[in-house]
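**Q** Below you will find the structure I want to go over with you.
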Amino acid sequence: MLNQLTIRDFAIVEQLDLELKQGMTVVSGETGAGKSIMLDALGLTLGDRAEAGAVRHGADKADISASFNIDTIPDAAQWLTDNDLDNDGECILRRVITKEGRSRCYINGRPTPAGQVKLLGEHLIAIHGQHEHQRLLKKDHHRELLDNFAGEAKLASQVRDAYQNWHRLAQELKQLSEQSAEQTARVQLLSYQIEELDQLGLQPEELKQLEDEQKTLANAGEILSTGQQMINLASDNEENNCAQLLNHCLHLLADIQSESPSVRQASEMLNSALIQVEEASTEIRHYLERVEINPERQQEVEERLSSIYEIARKHRITPEQLAEFHQRLCDELAGLNRSDEELEQLAKDVETTQVKYLQLAEKLSNKRASAAKKLSKLVDQQLHSLGMPSAQISVDMSRLEKPTTNGLEDIEFLIITNKGQPAKPLAKIASGGELSRISLAIQVITAQTSTTPTLIFDEVDVGIGGAIAEVVGRLLCQLGEQAQILCVTHQPQVASQGHQHLFVSKRSDTLKTHTRIDQLDESKRIQEIARMLGGIDITERSVEHAREMLGVV
């Protein structure tokens with residue numbers, strides 16, 4: 001389970017040390033307060049893509065750590081052992097992002113590629129997003145849900161790998177079998193072309209870097225002049241620059257000495273504009289520092305680009321296709337050089353991989369058929385409790401004419417929402433509110449069979465309310481008895497069911513805006529539930545209602 005999340009200088013969070021517990025933890029706060037920041041930070045420790053803008057303004061780097069106890073997660077423990085990253089039952093994921101945009105991932109203190117971190121993260125956390133009901137309209141997602149519910153995601157992956165291996169070998173066999181007497185001439189031509197491309201030595205991303213550099217060098221004088229003009233107008237002119245004008249406006253507002261919300265809001269907006277102007281000036285300064293007038297380098301870059309363009313024109317392809325073209329020529333030449341014995345062996349390999357694929361695919365089909373009946377029954381029960389008493393979900397498994405990378409059948413969820421109607425695809429019969437409930441029912445059921453100890457539900461209760469929201473809260477609370485649940489919600493009926501309650505707030509002063517997260521005690525939790533019930537003005541009635549929902553006498 002996730003024990004602790006530590007955030008330093010990320011987005012508008014300066015410092016945050018959050019300890020998380022077993023059970024259901026709800027996260028609430030006003031819209032725009034930054035509830036997603038905590039999930040975004042956690043996502044970065046799990047290998048999500050990082051950007052320089054993630055670093056808090058004025059800081060050199062963002063540093064995020066997530067600590068997990070993996071004593072009850074054998075798959076994660078085995079993964080760490082297999083990759084020589086084990087640390088006696090503890091797993092610490094860390095992500096460091098510099099203001100220049102460089103990023104490093106660490107597992108138990110050792111640098112690790114983000115792709116590897118993602119693989120480990122699949123054993124640690126499962127995230128159910130607020131847009132899950134939109135994904136439910138796609139049949140590919142239906143197949144994924146069924147495989148996960150059946151506990152056969154690994155088998156499905158093996159089927160995909162087997163299919164790709166089979167067809168890769170079959171394609172190679174086809175190509176080799178069609179070789180003609182012109183093979184020798186083709187080998188000579190390929191050898192010449194490959195040698196020419198080897199000498200060119202085009203590196204990954206080199207073309208784009210050269211083109212960007214050439215544009216900058218060719219326009220360096222104009223860039224420097226225009227950039228300096230912008231900086232002068234923004235902040236450097238002694239008179240009438242943007243920053244001075246904004247500061248003057250702020251002083252004038254301060255002289256008004258009014259407590260009016262309009263004046264206060266105007267002051268906040270001007271402060272924000274001033275910060276944006278200063279940040280824009282800083283960014284342009286940093287950019288101009290990298291721009292220089294260098295005719296020698298410009299000529300060198302243009303000559304290199306000319307060589308690349310010339311070879312691309314020679315082969316009638318775009319420069320961006322050169323690397324792929326080079327690899328394709330190498331693969332073709334390697335295929336042409338194979339002997340007759342290799343061709344015979346390849347034919348045997350194709351037959352072997354086909355048999356292996358079919359065996360795995362048939363096994364997966366049987367597992368899917370068995371799981372489909374169970375999933376339909378359980379989802380129906382949940383839908384009835386969520387206010388759809390006549391709903392019936394079924395999993396249609398149509399045998400395909402040809403094997404595919406995903407198996408031998410097409411999978412689609414069908415639903416009957418009213419008695420006497422035929423089953424139809426979700427996209428054709430379910431409304432937005434119904435889709436939200438169907439999605440939630442499926443997520444709850446699949447979560448019950450998940451081996452992942454930490455489940456995050458990010459506003460999955462969108463589109464529902466009232467008694468149905470209370471049912472949702474109870475369902476998530478029940479899940480919290482067997483797993484660690486983190487639930488971001490705007491629904492007081494859901495928030496009142498949590499074992500712990502975190503409140504996210506955003507505060508601003510004259511210089512900066514920052515987000516903080518507090519764990520609420522009983523009295524503060526009553527106030528937060530009352531706010532969620534009644535809005536900005538908390539009445540005695542809403543407080544009493546909150547007490548009743550929380551079971552506080």
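Chains: A, B, ... in order of the structure tokens. Residues: from 1 per chain. Ligands: from 1, in order shown.
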Which of segment 325-497 of chain A end up as strand (DSSP E or B) when DSSP is run on this backbone - answer as an MDAnalysis selection string?
**A** chainID A and resid 392:404 407:416 424:425 454:458 484:488
**Q** Put those residues in a file: N, CA, C and O atoms, as a short mmCIF file (atom, residue, chain, number, x, y, z; two decimals), in the first residue's frame.
**A**
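The result, stored in selection_4.cif:
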data_model
loop_
_atom_site.label_atom_id
_atom_site.label_comp_id
_atom_site.auth_asym_id
_atom_site.auth_seq_id
_atom_site.Cartn_x
_atom_site.Cartn_y
_atom_site.Cartn_z
N GLN A 392 -29.68 -5.06 -17.65
CA GLN A 392 -29.02 -6.35 -17.80
C GLN A 392 -27.83 -6.18 -18.76
O GLN A 392 -28.01 -5.76 -19.90
N ILE A 393 -26.67 -6.50 -18.26
CA ILE A 393 -25.45 -6.43 -19.07
C ILE A 393 -25.14 -7.83 -19.61
O ILE A 393 -25.27 -8.83 -18.89
N SER A 394 -24.75 -7.90 -20.86
CA SER A 394 -24.27 -9.16 -21.42
C SER A 394 -22.99 -8.90 -22.20
O SER A 394 -22.76 -7.78 -22.68
N VAL A 395 -22.15 -9.92 -22.30
CA VAL A 395 -20.88 -9.80 -23.02
C VAL A 395 -20.98 -10.63 -24.29
O VAL A 395 -21.05 -11.86 -24.24
N ASP A 396 -21.04 -9.94 -25.42
CA ASP A 396 -21.14 -10.62 -26.72
C ASP A 396 -19.74 -11.01 -27.18
O ASP A 396 -18.85 -10.17 -27.29
N MET A 397 -19.54 -12.30 -27.46
CA MET A 397 -18.26 -12.81 -27.94
C MET A 397 -18.47 -13.47 -29.30
O MET A 397 -18.90 -14.62 -29.38
N SER A 398 -18.20 -12.71 -30.37
CA SER A 398 -18.42 -13.20 -31.74
C SER A 398 -17.11 -13.75 -32.29
O SER A 398 -16.09 -13.05 -32.31
N ARG A 399 -17.16 -15.00 -32.75
CA ARG A 399 -15.97 -15.62 -33.32
C ARG A 399 -15.58 -14.91 -34.62
O ARG A 399 -16.42 -14.70 -35.50
N LEU A 400 -14.33 -14.55 -34.74
CA LEU A 400 -13.83 -13.86 -35.92
C LEU A 400 -13.45 -14.85 -37.02
O LEU A 400 -13.07 -15.99 -36.73
N GLU A 401 -13.52 -14.39 -38.26
CA GLU A 401 -13.14 -15.26 -39.37
C GLU A 401 -11.64 -15.53 -39.40
O GLU A 401 -11.20 -16.61 -39.78
N LYS A 402 -10.88 -14.54 -39.00
CA LYS A 402 -9.42 -14.68 -38.98
C LYS A 402 -8.89 -14.37 -37.59
O LYS A 402 -9.42 -13.50 -36.90
N PRO A 403 -7.84 -15.08 -37.17
CA PRO A 403 -7.22 -14.76 -35.88
C PRO A 403 -6.67 -13.34 -35.88
O PRO A 403 -6.27 -12.81 -36.93
N THR A 404 -6.67 -12.69 -34.72
CA THR A 404 -6.13 -11.34 -34.59
C THR A 404 -5.14 -11.29 -33.44
O THR A 404 -5.00 -12.25 -32.67
N GLY A 407 -6.82 -12.13 -30.13
CA GLY A 407 -7.49 -13.39 -29.90
C GLY A 407 -8.40 -13.78 -31.04
O GLY A 407 -8.31 -13.26 -32.16
N LEU A 408 -9.32 -14.69 -30.74
CA LEU A 408 -10.16 -15.30 -31.77
C LEU A 408 -11.58 -14.75 -31.81
O LEU A 408 -12.40 -15.20 -32.59
N GLU A 409 -11.90 -13.77 -30.94
CA GLU A 409 -13.26 -13.27 -30.89
C GLU A 409 -13.28 -11.75 -30.75
O GLU A 409 -12.34 -11.13 -30.26
N ASP A 410 -14.40 -11.18 -31.20
CA ASP A 410 -14.69 -9.76 -31.02
C ASP A 410 -15.55 -9.65 -29.76
O ASP A 410 -16.53 -10.38 -29.61
N ILE A 411 -15.19 -8.74 -28.86
CA ILE A 411 -15.87 -8.64 -27.57
C ILE A 411 -16.55 -7.29 -27.45
O ILE A 411 -15.94 -6.25 -27.71
N GLU A 412 -17.83 -7.30 -27.06
CA GLU A 412 -18.57 -6.06 -26.89
C GLU A 412 -19.60 -6.23 -25.77
O GLU A 412 -20.30 -7.24 -25.69
N PHE A 413 -19.70 -5.21 -24.91
CA PHE A 413 -20.71 -5.20 -23.86
C PHE A 413 -22.02 -4.70 -24.45
O PHE A 413 -22.07 -3.66 -25.10
N LEU A 414 -23.08 -5.46 -24.20
CA LEU A 414 -24.42 -5.07 -24.62
C LEU A 414 -25.27 -4.85 -23.37
O LEU A 414 -25.00 -5.41 -22.32
N ILE A 415 -26.33 -4.04 -23.51
CA ILE A 415 -27.16 -3.76 -22.33
C ILE A 415 -28.63 -3.65 -22.71
O ILE A 415 -28.98 -3.21 -23.80
N ILE A 416 -29.45 -4.10 -21.76
CA ILE A 416 -30.90 -3.87 -21.80
C ILE A 416 -31.20 -2.95 -20.63
O ILE A 416 -30.91 -3.29 -19.48
N LYS A 424 -28.56 -4.04 -26.81
CA LYS A 424 -27.91 -3.19 -27.80
C LYS A 424 -26.57 -2.69 -27.26
O LYS A 424 -26.33 -2.69 -26.06
N PRO A 425 -25.67 -2.24 -28.17
CA PRO A 425 -24.40 -1.67 -27.72
C PRO A 425 -24.61 -0.47 -26.81
O PRO A 425 -25.61 0.27 -26.93
N THR A 454 -3.65 -0.70 -3.98
CA THR A 454 -4.05 0.70 -3.89
C THR A 454 -4.86 1.06 -5.12
O THR A 454 -4.38 0.93 -6.25
N LEU A 455 -6.10 1.52 -4.91
CA LEU A 455 -7.00 1.88 -6.01
C LEU A 455 -7.37 3.35 -5.88
O LEU A 455 -7.78 3.80 -4.81
N ILE A 456 -7.21 4.10 -6.96
CA ILE A 456 -7.53 5.52 -6.97
C ILE A 456 -8.75 5.75 -7.85
O ILE A 456 -8.78 5.34 -9.01
N PHE A 457 -9.76 6.41 -7.29
CA PHE A 457 -10.97 6.75 -8.03
C PHE A 457 -11.04 8.27 -8.14
O PHE A 457 -11.28 8.96 -7.15
N ASP A 458 -10.82 8.78 -9.35
CA ASP A 458 -10.75 10.22 -9.57
C ASP A 458 -12.07 10.73 -10.13
O ASP A 458 -12.33 10.68 -11.33
N GLN A 484 -6.60 -0.39 -0.15
CA GLN A 484 -6.44 1.03 0.13
C GLN A 484 -7.11 1.82 -1.00
O GLN A 484 -6.76 1.67 -2.16
N ILE A 485 -8.10 2.66 -0.65
CA ILE A 485 -8.86 3.41 -1.63
C ILE A 485 -8.57 4.90 -1.45
O ILE A 485 -8.63 5.43 -0.34
N LEU A 486 -8.27 5.57 -2.54
CA LEU A 486 -8.10 7.02 -2.55
C LEU A 486 -9.14 7.56 -3.52
O LEU A 486 -9.11 7.25 -4.71
N CYS A 487 -10.09 8.37 -3.02
CA CYS A 487 -11.24 8.78 -3.82
C CYS A 487 -11.36 10.30 -3.85
O CYS A 487 -11.57 10.93 -2.80
N VAL A 488 -11.19 10.89 -5.03
CA VAL A 488 -11.41 12.32 -5.22
C VAL A 488 -12.88 12.51 -5.58
O VAL A 488 -13.38 11.91 -6.52
#
**Q** Just want the 9 Å neighbourhood of Val27 of chain A, counted on only C-alpha atoms, with same-chain residues fewer than 4 positions away dropped. Output as an MDAnalysis selection string.
**A** chainID A and resid 35 486:490 495 500:504 517
**Q** Fewer than 5 positions away in the same chain doesn't count, so skip those; otherwise give me all residues within 9 Å of Arg186 of chain A, counting only C-alpha atoms, as a list in words.
**A** Ser191, Leu333 and Leu336 of chain A
**Q** When you count only C-alpha atoms, which of these residues is closest to Gln354 of chain A: A:Arg102, A:His167, A:Arg507, A:Lys374?
**A**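 Of A:Arg102, A:His167, A:Arg507, A:Lys374, the one nearest Gln354 of chain A, counting only C-alpha atoms, is A:His167.
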**Q** Determine, counting only C-alpha atoms, which protein, DNA and RNA residues have an atom within 6 Å of an atom of segment 61-76 of chain A; residues of the same chain fewer than 6 positions away are not included. Present the result as a compact mmCIF listing (two decimals) with all heavy atoms, in the first residue's frame.
**A**
# COMPACT_ATOMS: atom_id res chain seq x y z
N MET A 1 0.84 -1.19 0.00
CA MET A 1 0.00 0.00 0.00
C MET A 1 0.88 1.25 0.00
O MET A 1 2.07 1.21 0.30
CB MET A 1 -0.92 0.02 1.22
CG MET A 1 -0.20 0.03 2.56
SD MET A 1 -1.30 0.28 3.96
CE MET A 1 -1.53 2.06 3.89
N LEU A 2 0.28 2.37 -0.40
CA LEU A 2 0.97 3.65 -0.42
C LEU A 2 1.00 4.22 1.00
O LEU A 2 -0.05 4.51 1.57
CB LEU A 2 0.25 4.61 -1.37
CG LEU A 2 0.79 6.04 -1.47
CD1 LEU A 2 2.22 6.06 -1.96
CD2 LEU A 2 -0.10 6.88 -2.37
N ASN A 3 2.20 4.39 1.54
CA ASN A 3 2.34 4.89 2.90
C ASN A 3 2.50 6.40 2.97
O ASN A 3 1.92 7.04 3.85
CB ASN A 3 3.56 4.24 3.58
CG ASN A 3 3.35 2.77 3.88
OD1 ASN A 3 2.23 2.34 4.07
ND2 ASN A 3 4.42 2.00 3.88
N GLN A 4 3.30 6.94 2.07
CA GLN A 4 3.61 8.37 2.18
C GLN A 4 3.87 8.96 0.79
O GLN A 4 4.46 8.33 -0.08
CB GLN A 4 4.84 8.59 3.07
CG GLN A 4 5.14 10.06 3.35
CD GLN A 4 6.18 10.23 4.44
OE1 GLN A 4 6.92 9.30 4.74
NE2 GLN A 4 6.24 11.40 5.04
N LEU A 5 3.42 10.20 0.64
CA LEU A 5 3.69 10.96 -0.58
C LEU A 5 4.33 12.28 -0.16
O LEU A 5 3.77 13.04 0.64
CB LEU A 5 2.39 11.22 -1.35
CG LEU A 5 2.53 12.01 -2.66
CD1 LEU A 5 3.36 11.23 -3.67
CD2 LEU A 5 1.15 12.33 -3.23
N THR A 6 5.52 12.54 -0.69
CA THR A 6 6.26 13.76 -0.35
C THR A 6 6.46 14.57 -1.62
O THR A 6 6.95 14.06 -2.62
CB THR A 6 7.64 13.41 0.25
OG1 THR A 6 7.44 12.62 1.43
CG2 THR A 6 8.39 14.67 0.62
N ILE A 7 6.05 15.85 -1.56
CA ILE A 7 6.13 16.72 -2.74
C ILE A 7 6.90 17.98 -2.36
O ILE A 7 6.61 18.61 -1.35
CB ILE A 7 4.72 17.09 -3.24
CG1 ILE A 7 3.90 15.83 -3.54
CG2 ILE A 7 4.81 17.98 -4.46
CD1 ILE A 7 2.46 16.14 -3.91
N ARG A 8 7.86 18.34 -3.21
CA ARG A 8 8.63 19.57 -3.02
C ARG A 8 8.64 20.36 -4.33
O ARG A 8 9.06 19.85 -5.37
CB ARG A 8 10.08 19.27 -2.61
CG ARG A 8 10.22 18.54 -1.29
CD ARG A 8 9.92 19.46 -0.10
NE ARG A 8 10.16 18.78 1.18
CZ ARG A 8 9.27 18.05 1.80
NH1 ARG A 8 8.07 17.89 1.26
NH2 ARG A 8 9.56 17.47 2.96
N ASP A 9 8.16 21.59 -4.28
CA ASP A 9 8.27 22.54 -5.40
C ASP A 9 7.67 21.99 -6.69
O ASP A 9 8.27 22.08 -7.76
CB ASP A 9 9.73 22.93 -5.63
CG ASP A 9 10.31 23.69 -4.44
OD1 ASP A 9 9.56 24.48 -3.85
OD2 ASP A 9 11.49 23.48 -4.11
N PHE A 10 6.49 21.43 -6.59
CA PHE A 10 5.78 20.91 -7.76
C PHE A 10 4.53 21.75 -7.99
O PHE A 10 3.71 21.93 -7.09
CB PHE A 10 5.39 19.44 -7.54
CG PHE A 10 4.51 18.88 -8.63
CD1 PHE A 10 5.00 18.73 -9.91
CD2 PHE A 10 3.19 18.53 -8.38
CE1 PHE A 10 4.21 18.22 -10.93
CE2 PHE A 10 2.39 18.02 -9.38
CZ PHE A 10 2.90 17.87 -10.65
N VAL A 55 7.75 22.41 -12.50
CA VAL A 55 8.54 22.95 -11.39
C VAL A 55 7.93 24.27 -10.91
O VAL A 55 7.59 25.14 -11.72
CB VAL A 55 10.01 23.17 -11.82
CG1 VAL A 55 10.83 23.72 -10.66
CG2 VAL A 55 10.61 21.87 -12.33
N GLY A 89 11.32 -5.29 1.55
CA GLY A 89 9.89 -5.06 1.75
C GLY A 89 9.44 -3.63 1.57
O GLY A 89 8.27 -3.31 1.76
N GLU A 90 10.34 -2.74 1.23
CA GLU A 90 9.98 -1.33 1.02
C GLU A 90 10.28 -0.93 -0.41
O GLU A 90 11.25 -1.40 -1.01
CB GLU A 90 10.74 -0.43 1.99
CG GLU A 90 10.31 1.03 1.91
CD GLU A 90 11.04 1.91 2.91
OE1 GLU A 90 12.21 1.62 3.21
OE2 GLU A 90 10.43 2.88 3.38
N CYS A 91 9.45 -0.07 -0.95
CA CYS A 91 9.66 0.42 -2.31
C CYS A 91 9.47 1.93 -2.31
O CYS A 91 8.39 2.42 -1.96
CB CYS A 91 8.69 -0.25 -3.28
SG CYS A 91 8.81 0.38 -4.96
N ILE A 92 10.50 2.67 -2.67
CA ILE A 92 10.43 4.12 -2.73
C ILE A 92 10.65 4.56 -4.17
O ILE A 92 11.71 4.32 -4.75
CB ILE A 92 11.48 4.78 -1.80
CG1 ILE A 92 11.24 4.36 -0.35
CG2 ILE A 92 11.42 6.29 -1.94
CD1 ILE A 92 12.28 4.88 0.61
N LEU A 93 9.62 5.19 -4.74
CA LEU A 93 9.72 5.74 -6.08
C LEU A 93 9.95 7.25 -5.97
O LEU A 93 9.26 7.93 -5.21
CB LEU A 93 8.44 5.49 -6.88
CG LEU A 93 7.98 4.03 -6.99
CD1 LEU A 93 6.75 3.94 -7.88
CD2 LEU A 93 9.09 3.15 -7.54
N ARG A 94 10.91 7.74 -6.73
CA ARG A 94 11.25 9.16 -6.66
C ARG A 94 11.38 9.73 -8.07
O ARG A 94 11.89 9.07 -8.96
CB ARG A 94 12.56 9.36 -5.88
CG ARG A 94 12.96 10.82 -5.70
CD ARG A 94 14.33 10.92 -5.05
NE ARG A 94 14.78 12.29 -4.93
CZ ARG A 94 16.05 12.68 -4.91
NH1 ARG A 94 17.01 11.76 -4.99
NH2 ARG A 94 16.38 13.95 -4.83
N ARG A 95 10.91 10.96 -8.23
CA ARG A 95 11.02 11.64 -9.52
C ARG A 95 11.57 13.04 -9.27
O ARG A 95 11.05 13.79 -8.43
CB ARG A 95 9.65 11.73 -10.20
CG ARG A 95 9.70 12.26 -11.65
CD ARG A 95 10.32 11.21 -12.56
NE ARG A 95 10.21 11.56 -13.97
CZ ARG A 95 9.20 11.21 -14.74
NH1 ARG A 95 8.19 10.51 -14.23
NH2 ARG A 95 9.18 11.54 -16.01
N VAL A 96 12.63 13.40 -10.00
CA VAL A 96 13.23 14.73 -9.90
C VAL A 96 13.15 15.38 -11.27
O VAL A 96 13.59 14.80 -12.27
CB VAL A 96 14.70 14.65 -9.43
CG1 VAL A 96 15.32 16.04 -9.38
CG2 VAL A 96 14.80 13.98 -8.06
N ILE A 97 12.60 16.60 -11.32
CA ILE A 97 12.44 17.34 -12.57
C ILE A 97 13.09 18.70 -12.41
O ILE A 97 12.77 19.44 -11.48
CB ILE A 97 10.95 17.52 -12.93
CG1 ILE A 97 10.22 16.17 -12.90
CG2 ILE A 97 10.79 18.18 -14.28
CD1 ILE A 97 8.73 16.30 -12.81
N THR A 98 14.03 19.04 -13.29
CA THR A 98 14.69 20.34 -13.21
C THR A 98 13.88 21.38 -13.97
O THR A 98 13.04 21.06 -14.81
CB THR A 98 16.11 20.28 -13.78
OG1 THR A 98 16.03 20.06 -15.20
CG2 THR A 98 16.89 19.14 -13.15
N LYS A 99 14.15 22.66 -13.69
CA LYS A 99 13.42 23.73 -14.37
C LYS A 99 13.75 23.77 -15.86
O LYS A 99 13.00 24.37 -16.63
CB LYS A 99 13.73 25.07 -13.71
CG LYS A 99 15.19 25.50 -13.79
CD LYS A 99 15.40 26.83 -13.08
CE LYS A 99 16.85 27.27 -13.15
NZ LYS A 99 17.05 28.57 -12.43
N HIS A 123 1.87 -2.92 -10.69
CA HIS A 123 1.66 -3.82 -9.54
C HIS A 123 1.28 -3.05 -8.27
O HIS A 123 0.84 -3.67 -7.30
CB HIS A 123 2.94 -4.61 -9.25
CG HIS A 123 3.41 -5.46 -10.40
ND1 HIS A 123 2.66 -6.51 -10.89
CD2 HIS A 123 4.53 -5.41 -11.15
CE1 HIS A 123 3.32 -7.09 -11.89
NE2 HIS A 123 4.45 -6.43 -12.07
